[in-house]
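Shown below: entry_28.pdb, with PDB, C-alpha atoms, pLDDT in the B column.
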```
ATOM      1  CA  MET A 551      86.682  82.207  81.417  1.00 65.00           C
ATOM      2  CA  PRO A 552      86.785  84.505  78.382  1.00 87.00           C
ATOM      3  CA  ILE A 553      90.070  86.209  79.416  1.00 91.00           C
ATOM      4  CA  VAL A 554      93.118  83.994  78.906  1.00 93.00           C
ATOM      5  CA  TYR A 555      96.696  84.715  79.902  1.00 94.00           C
ATOM      6  CA  ASN A 556      98.644  82.430  77.572  1.00 94.00           C
ATOM      7  CA  LYS A 557     100.331  85.509  76.113  1.00 96.00           C
ATOM      8  CA  LEU A 558     101.661  86.414  79.580  1.00 96.00           C
ATOM      9  CA  PHE A 559     103.335  83.056  80.071  1.00 95.00           C
ATOM     10  CA  ASP A 560     104.763  83.134  76.533  1.00 96.00           C
ATOM     11  CA  LEU A 561     106.151  86.641  77.146  1.00 97.00           C
ATOM     12  CA  MET A 562     107.629  85.586  80.472  1.00 96.00           C
ATOM     13  CA  LYS A 563     109.361  82.651  78.802  1.00 96.00           C
ATOM     14  CA  GLU A 564     110.658  84.921  76.025  1.00 96.00           C
ATOM     15  CA  LYS A 565     112.058  87.405  78.567  1.00 96.00           C
ATOM     16  CA  GLY A 566     113.413  84.749  80.922  1.00 97.00           C
ATOM     17  CA  VAL A 567     111.096  85.723  83.778  1.00 96.00           C
ATOM     18  CA  SER A 568     109.844  83.000  86.114  1.00 95.00           C
ATOM     19  CA  MET A 569     106.816  82.936  88.385  1.00 92.00           C
ATOM     20  CA  TYR A 570     109.271  82.835  91.273  1.00 94.00           C
ATOM     21  CA  MET A 571     110.780  86.134  90.079  1.00 95.00           C
ATOM     22  CA  LEU A 572     107.330  87.763  89.980  1.00 94.00           C
ATOM     23  CA  ARG A 573     106.739  86.734  93.598  1.00 93.00           C
ATOM     24  CA  LYS A 574     110.277  87.548  94.786  1.00 95.00           C
ATOM     25  CA  ASP A 575     110.234  91.018  93.194  1.00 96.00           C
ATOM     26  CA  LYS A 576     106.742  91.584  94.623  1.00 95.00           C
ATOM     27  CA  VAL A 577     105.164  92.213  91.230  1.00 96.00           C
ATOM     28  CA  ILE A 578     102.143  89.997  91.921  1.00 94.00           C
ATOM     29  CA  GLY A 579     101.338  87.426  94.574  1.00 92.00           C
ATOM     30  CA  THR A 580     101.060  83.673  94.390  1.00 90.00           C
ATOM     31  CA  ALA A 581      97.246  83.698  94.456  1.00 93.00           C
ATOM     32  CA  THR A 582      97.088  86.077  91.494  1.00 93.00           C
ATOM     33  CA  ILE A 583      99.581  84.021  89.506  1.00 91.00           C
ATOM     34  CA  GLU A 584      97.513  80.899  90.167  1.00 92.00           C
ATOM     35  CA  LYS A 585      94.276  82.634  89.110  1.00 91.00           C
ATOM     36  CA  MET A 586      95.921  83.608  85.840  1.00 92.00           C
ATOM     37  CA  ARG A 587      97.498  80.206  85.291  1.00 90.00           C
ATOM     38  CA  LYS A 588      94.203  78.386  85.913  1.00 90.00           C
ATOM     39  CA  GLY A 589      92.022  81.030  84.231  1.00 85.00           C
ATOM     40  CA  GLU A 590      89.821  81.298  87.317  1.00 86.00           C
ATOM     41  CA  GLY A 591      88.566  84.342  89.178  1.00 82.00           C
ATOM     42  CA  HIS A 592      89.197  88.006  88.577  1.00 89.00           C
ATOM     43  CA  VAL A 593      92.516  89.822  88.491  1.00 91.00           C
ATOM     44  CA  ASP A 594      92.856  93.369  89.804  1.00 92.00           C
ATOM     45  CA  THR A 595      93.900  96.081  87.325  1.00 94.00           C
ATOM     46  CA  ARG A 596      96.771  97.054  89.642  1.00 96.00           C
ATOM     47  CA  SER A 597      98.239  93.618  88.971  1.00 95.00           C
ATOM     48  CA  PHE A 598      98.153  94.360  85.245  1.00 95.00           C
ATOM     49  CA  GLU A 599      99.829  97.716  85.838  1.00 97.00           C
ATOM     50  CA  ARG A 600     102.656  96.099  87.801  1.00 97.00           C
ATOM     51  CA  LEU A 601     103.081  93.306  85.253  1.00 97.00           C
ATOM     52  CA  CYS A 602     103.193  95.756  82.339  1.00 97.00           C
ATOM     53  CA  GLU A 603     105.757  97.904  84.121  1.00 97.00           C
ATOM     54  CA  TYR A 604     107.897  94.907  85.096  1.00 97.00           C
ATOM     55  CA  LEU A 605     107.736  93.243  81.668  1.00 97.00           C
ATOM     56  CA  ASP A 606     107.777  96.540  79.708  1.00 97.00           C
ATOM     57  CA  CYS A 607     104.653  95.647  77.753  1.00 97.00           C
ATOM     58  CA  GLN A 608     101.030  96.609  77.125  1.00 97.00           C
ATOM     59  CA  PRO A 609      97.956  94.816  78.572  1.00 95.00           C
ATOM     60  CA  GLY A 610      97.205  93.235  75.185  1.00 95.00           C
ATOM     61  CA  ASP A 611     100.632  91.609  75.314  1.00 97.00           C
ATOM     62  CA  ILE A 612      99.670  89.578  78.381  1.00 95.00           C
ATOM     63  CA  MET A 613      95.998  88.722  77.963  1.00 94.00           C
ATOM     64  CA  GLU A 614      93.321  88.272  75.364  1.00 94.00           C
ATOM     65  CA  TYR A 615      89.564  87.914  75.202  1.00 93.00           C
ATOM     66  CA  VAL A 616      88.329  84.632  73.808  1.00 90.00           C
ATOM     67  CA  LYS A 617      84.635  84.624  72.985  1.00 89.00           C
ATOM     68  CA  PRO A 618      82.856  81.802  74.845  1.00 85.00           C
ATOM     69  CA  GLU A 619      81.227  79.160  72.699  1.00 83.00           C
ATOM     70  CA  THR A 620      77.449  79.276  72.822  1.00 73.00           C
TER      71      THR A 620
END
```

Represent the structure of the file as structure tokens.
Amino acid sequence: MPIVYNKLFDLMKEKGVSMYMLRKDKVIGTATIEKMRKGEGHVDTRSFERLCEYLDCQPGDIMEYVKPET
């Protein structure tokens, strides 16, 4: 998948935020976290809005486009 979320997990680690905290505080659900972790499926823009608000960041701080090899 050309969108990767490594930046999200790095930012979470930097800010001391766990996946459990995201679920507990109802930022995003387990299925969405797993999609992002595995890089599978599509993530709703509302999830990005909630993540950016919770982590006080911009969308580019949590994801990046990686051009697929051809």

So, with all atoms listed in the file as the atoms that count, which of A:Met562, A:Pro552, A:Thr582, A:Lys576 lies closest to Asp606 (chain A)?
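Looking only at the distances to Asp606 (chain A), the closest residue turns out to be A:Met562.
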
Might you spell out which residues the PyMOL selection byres ((chain A and resi 619) around 12) would select in the displayed file, as a ChimeraX atom specification?
/A:551-552,616-618,620

Name the residues in contact with region 584-586 of chain A at a cut-off of 10 Å, using all atoms listed in the file, excluding same-chain residues fewer than 5 positions from it; report them as number ranges by chain.
A: 553-556, 558-559, 569, 579, 591-593, 613

Next, write the just-selected residues to a file, as a PDB file, in the coordinates of the input, keeping C-alpha atoms as the atom set.
```pdb
ATOM      1  CA  ILE A 553      90.070  86.209  79.416  1.00 91.00           C
ATOM      2  CA  VAL A 554      93.118  83.994  78.906  1.00 93.00           C
ATOM      3  CA  TYR A 555      96.696  84.715  79.902  1.00 94.00           C
ATOM      4  CA  ASN A 556      98.644  82.430  77.572  1.00 94.00           C
ATOM      5  CA  LEU A 558     101.661  86.414  79.580  1.00 96.00           C
ATOM      6  CA  PHE A 559     103.335  83.056  80.071  1.00 95.00           C
ATOM      7  CA  MET A 569     106.816  82.936  88.385  1.00 92.00           C
ATOM      8  CA  GLY A 579     101.338  87.426  94.574  1.00 92.00           C
ATOM      9  CA  GLY A 591      88.566  84.342  89.178  1.00 82.00           C
ATOM     10  CA  HIS A 592      89.197  88.006  88.577  1.00 89.00           C
ATOM     11  CA  VAL A 593      92.516  89.822  88.491  1.00 91.00           C
ATOM     12  CA  MET A 613      95.998  88.722  77.963  1.00 94.00           C
TER      13      MET A 613
END
```

What is the CA of Leu561 (chain A)-CA of Leu605 (chain A) distance in Å, reported with one decimal?
8.2 Å

Evaluate the PyMOL selection byres ((chain A and resi 602) around 12) here and jot the selected residues down as a ChimeraX atom specification.
/A:558,561-562,572,577-578,595-601,603-613

Just how far from CA of Lys557 (chain A) is CA of Met571 (chain A), in Å to one decimal?
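It comes out at 17.5 Å.
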
One decimal, Å: what's the distance from CA of Ile583 (chain A) over to CA of Ser568 (chain A), could you say?
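CA of Ser568 (chain A) lies at a distance of 10.9 Å from CA of Ile583 (chain A).
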
Just so I have it separately, write region 575-599 of chain A from the block I sent, keeping N, CA, C and O atoms, as a PDB file, in the first residue's frame.
```
ATOM      1  N   ASP A 575      -9.450   6.087  24.960  1.00  0.00           N
ATOM      2  CA  ASP A 575      -9.929   7.464  24.835  1.00  0.00           C
ATOM      3  C   ASP A 575     -10.837   7.655  23.624  1.00  0.00           C
ATOM      4  O   ASP A 575     -11.212   8.780  23.291  1.00  0.00           O
ATOM      5  N   LYS A 576     -11.150   6.555  22.952  1.00  0.00           N
ATOM      6  CA  LYS A 576     -12.077   6.539  21.821  1.00  0.00           C
ATOM      7  C   LYS A 576     -11.651   7.475  20.689  1.00  0.00           C
ATOM      8  O   LYS A 576     -12.464   8.159  20.079  1.00  0.00           O
ATOM      9  N   VAL A 577     -10.336   7.485  20.437  1.00  0.00           N
ATOM     10  CA  VAL A 577      -9.800   8.271  19.328  1.00  0.00           C
ATOM     11  C   VAL A 577     -10.055   7.509  18.033  1.00  0.00           C
ATOM     12  O   VAL A 577     -10.651   8.044  17.102  1.00  0.00           O
ATOM     13  N   ILE A 578      -9.583   6.269  17.975  1.00  0.00           N
ATOM     14  CA  ILE A 578      -9.863   5.379  16.849  1.00  0.00           C
ATOM     15  C   ILE A 578     -10.034   3.964  17.384  1.00  0.00           C
ATOM     16  O   ILE A 578      -9.547   3.638  18.462  1.00  0.00           O
ATOM     17  N   GLY A 579     -10.710   3.137  16.627  1.00  0.00           N
ATOM     18  CA  GLY A 579     -11.002   1.779  17.057  1.00  0.00           C
ATOM     19  C   GLY A 579      -9.892   0.799  16.742  1.00  0.00           C
ATOM     20  O   GLY A 579      -8.948   1.095  16.002  1.00  0.00           O
ATOM     21  N   THR A 580     -10.032  -0.379  17.292  1.00  0.00           N
ATOM     22  CA  THR A 580      -9.050  -1.443  17.124  1.00  0.00           C
ATOM     23  C   THR A 580      -8.857  -1.801  15.652  1.00  0.00           C
ATOM     24  O   THR A 580      -7.723  -1.982  15.203  1.00  0.00           O
ATOM     25  N   ALA A 581      -9.939  -1.904  14.900  1.00  0.00           N
ATOM     26  CA  ALA A 581      -9.833  -2.289  13.488  1.00  0.00           C
ATOM     27  C   ALA A 581      -9.035  -1.255  12.698  1.00  0.00           C
ATOM     28  O   ALA A 581      -8.207  -1.612  11.852  1.00  0.00           O
ATOM     29  N   THR A 582      -9.248   0.012  12.989  1.00  0.00           N
ATOM     30  CA  THR A 582      -8.518   1.073  12.294  1.00  0.00           C
ATOM     31  C   THR A 582      -7.041   1.035  12.657  1.00  0.00           C
ATOM     32  O   THR A 582      -6.175   1.162  11.782  1.00  0.00           O
ATOM     33  N   ILE A 583      -6.744   0.837  13.917  1.00  0.00           N
ATOM     34  CA  ILE A 583      -5.348   0.744  14.352  1.00  0.00           C
ATOM     35  C   ILE A 583      -4.657  -0.411  13.634  1.00  0.00           C
ATOM     36  O   ILE A 583      -3.533  -0.275  13.147  1.00  0.00           O
ATOM     37  N   GLU A 584      -5.342  -1.544  13.535  1.00  0.00           N
ATOM     38  CA  GLU A 584      -4.759  -2.708  12.869  1.00  0.00           C
ATOM     39  C   GLU A 584      -4.552  -2.456  11.380  1.00  0.00           C
ATOM     40  O   GLU A 584      -3.547  -2.882  10.807  1.00  0.00           O
ATOM     41  N   LYS A 585      -5.492  -1.786  10.725  1.00  0.00           N
ATOM     42  CA  LYS A 585      -5.324  -1.442   9.307  1.00  0.00           C
ATOM     43  C   LYS A 585      -4.066  -0.604   9.119  1.00  0.00           C
ATOM     44  O   LYS A 585      -3.294  -0.818   8.188  1.00  0.00           O
ATOM     45  N   MET A 586      -3.876   0.364  10.008  1.00  0.00           N
ATOM     46  CA  MET A 586      -2.716   1.241   9.899  1.00  0.00           C
ATOM     47  C   MET A 586      -1.430   0.483  10.212  1.00  0.00           C
ATOM     48  O   MET A 586      -0.418   0.656   9.529  1.00  0.00           O
ATOM     49  N   ARG A 587      -1.467  -0.352  11.214  1.00  0.00           N
ATOM     50  CA  ARG A 587      -0.277  -1.105  11.607  1.00  0.00           C
ATOM     51  C   ARG A 587       0.153  -2.054  10.501  1.00  0.00           C
ATOM     52  O   ARG A 587       1.335  -2.190  10.194  1.00  0.00           O
ATOM     53  N   LYS A 588      -0.822  -2.714   9.863  1.00  0.00           N
ATOM     54  CA  LYS A 588      -0.528  -3.684   8.806  1.00  0.00           C
ATOM     55  C   LYS A 588      -0.406  -3.049   7.423  1.00  0.00           C
ATOM     56  O   LYS A 588       0.038  -3.696   6.480  1.00  0.00           O
ATOM     57  N   GLY A 589      -0.852  -1.783   7.290  1.00  0.00           N
ATOM     58  CA  GLY A 589      -0.810  -1.117   5.994  1.00  0.00           C
ATOM     59  C   GLY A 589      -1.811  -1.699   5.013  1.00  0.00           C
ATOM     60  O   GLY A 589      -1.571  -1.739   3.815  1.00  0.00           O
ATOM     61  N   GLU A 590      -2.950  -2.145   5.530  1.00  0.00           N
ATOM     62  CA  GLU A 590      -3.978  -2.764   4.694  1.00  0.00           C
ATOM     63  C   GLU A 590      -5.270  -1.972   4.779  1.00  0.00           C
ATOM     64  O   GLU A 590      -5.628  -1.466   5.837  1.00  0.00           O
ATOM     65  N   GLY A 591      -5.991  -1.897   3.677  1.00  0.00           N
ATOM     66  CA  GLY A 591      -7.294  -1.252   3.686  1.00  0.00           C
ATOM     67  C   GLY A 591      -7.209   0.260   3.683  1.00  0.00           C
ATOM     68  O   GLY A 591      -6.138   0.855   3.583  1.00  0.00           O
ATOM     69  N   HIS A 592      -8.372   0.871   3.795  1.00  0.00           N
ATOM     70  CA  HIS A 592      -8.470   2.326   3.753  1.00  0.00           C
ATOM     71  C   HIS A 592      -8.866   2.850   5.129  1.00  0.00           C
ATOM     72  O   HIS A 592      -9.612   2.203   5.854  1.00  0.00           O
ATOM     73  N   VAL A 593      -8.370   4.034   5.442  1.00  0.00           N
ATOM     74  CA  VAL A 593      -8.667   4.664   6.723  1.00  0.00           C
ATOM     75  C   VAL A 593      -9.475   5.919   6.455  1.00  0.00           C
ATOM     76  O   VAL A 593      -9.120   6.727   5.588  1.00  0.00           O
ATOM     77  N   ASP A 594     -10.552   6.084   7.189  1.00  0.00           N
ATOM     78  CA  ASP A 594     -11.468   7.210   7.042  1.00  0.00           C
ATOM     79  C   ASP A 594     -10.792   8.514   7.463  1.00  0.00           C
ATOM     80  O   ASP A 594     -10.023   8.543   8.420  1.00  0.00           O
ATOM     81  N   THR A 595     -11.098   9.608   6.758  1.00  0.00           N
ATOM     82  CA  THR A 595     -10.501  10.904   7.095  1.00  0.00           C
ATOM     83  C   THR A 595     -10.889  11.379   8.494  1.00  0.00           C
ATOM     84  O   THR A 595     -10.124  12.105   9.130  1.00  0.00           O
ATOM     85  N   ARG A 596     -12.035  10.954   8.997  1.00  0.00           N
ATOM     86  CA  ARG A 596     -12.410  11.329  10.370  1.00  0.00           C
ATOM     87  C   ARG A 596     -11.433  10.749  11.379  1.00  0.00           C
ATOM     88  O   ARG A 596     -11.154  11.360  12.408  1.00  0.00           O
ATOM     89  N   SER A 597     -10.888   9.583  11.068  1.00  0.00           N
ATOM     90  CA  SER A 597      -9.872   8.985  11.945  1.00  0.00           C
ATOM     91  C   SER A 597      -8.627   9.866  11.983  1.00  0.00           C
ATOM     92  O   SER A 597      -8.036  10.072  13.039  1.00  0.00           O
ATOM     93  N   PHE A 598      -8.242  10.395  10.825  1.00  0.00           N
ATOM     94  CA  PHE A 598      -7.087  11.293  10.779  1.00  0.00           C
ATOM     95  C   PHE A 598      -7.357  12.564  11.568  1.00  0.00           C
ATOM     96  O   PHE A 598      -6.484  13.058  12.279  1.00  0.00           O
ATOM     97  N   GLU A 599      -8.565  13.089  11.448  1.00  0.00           N
ATOM     98  CA  GLU A 599      -8.929  14.294  12.201  1.00  0.00           C
ATOM     99  C   GLU A 599      -8.796  14.056  13.699  1.00  0.00           C
ATOM    100  O   GLU A 599      -8.212  14.872  14.420  1.00  0.00           O
TER     101      GLU A 599
END
```
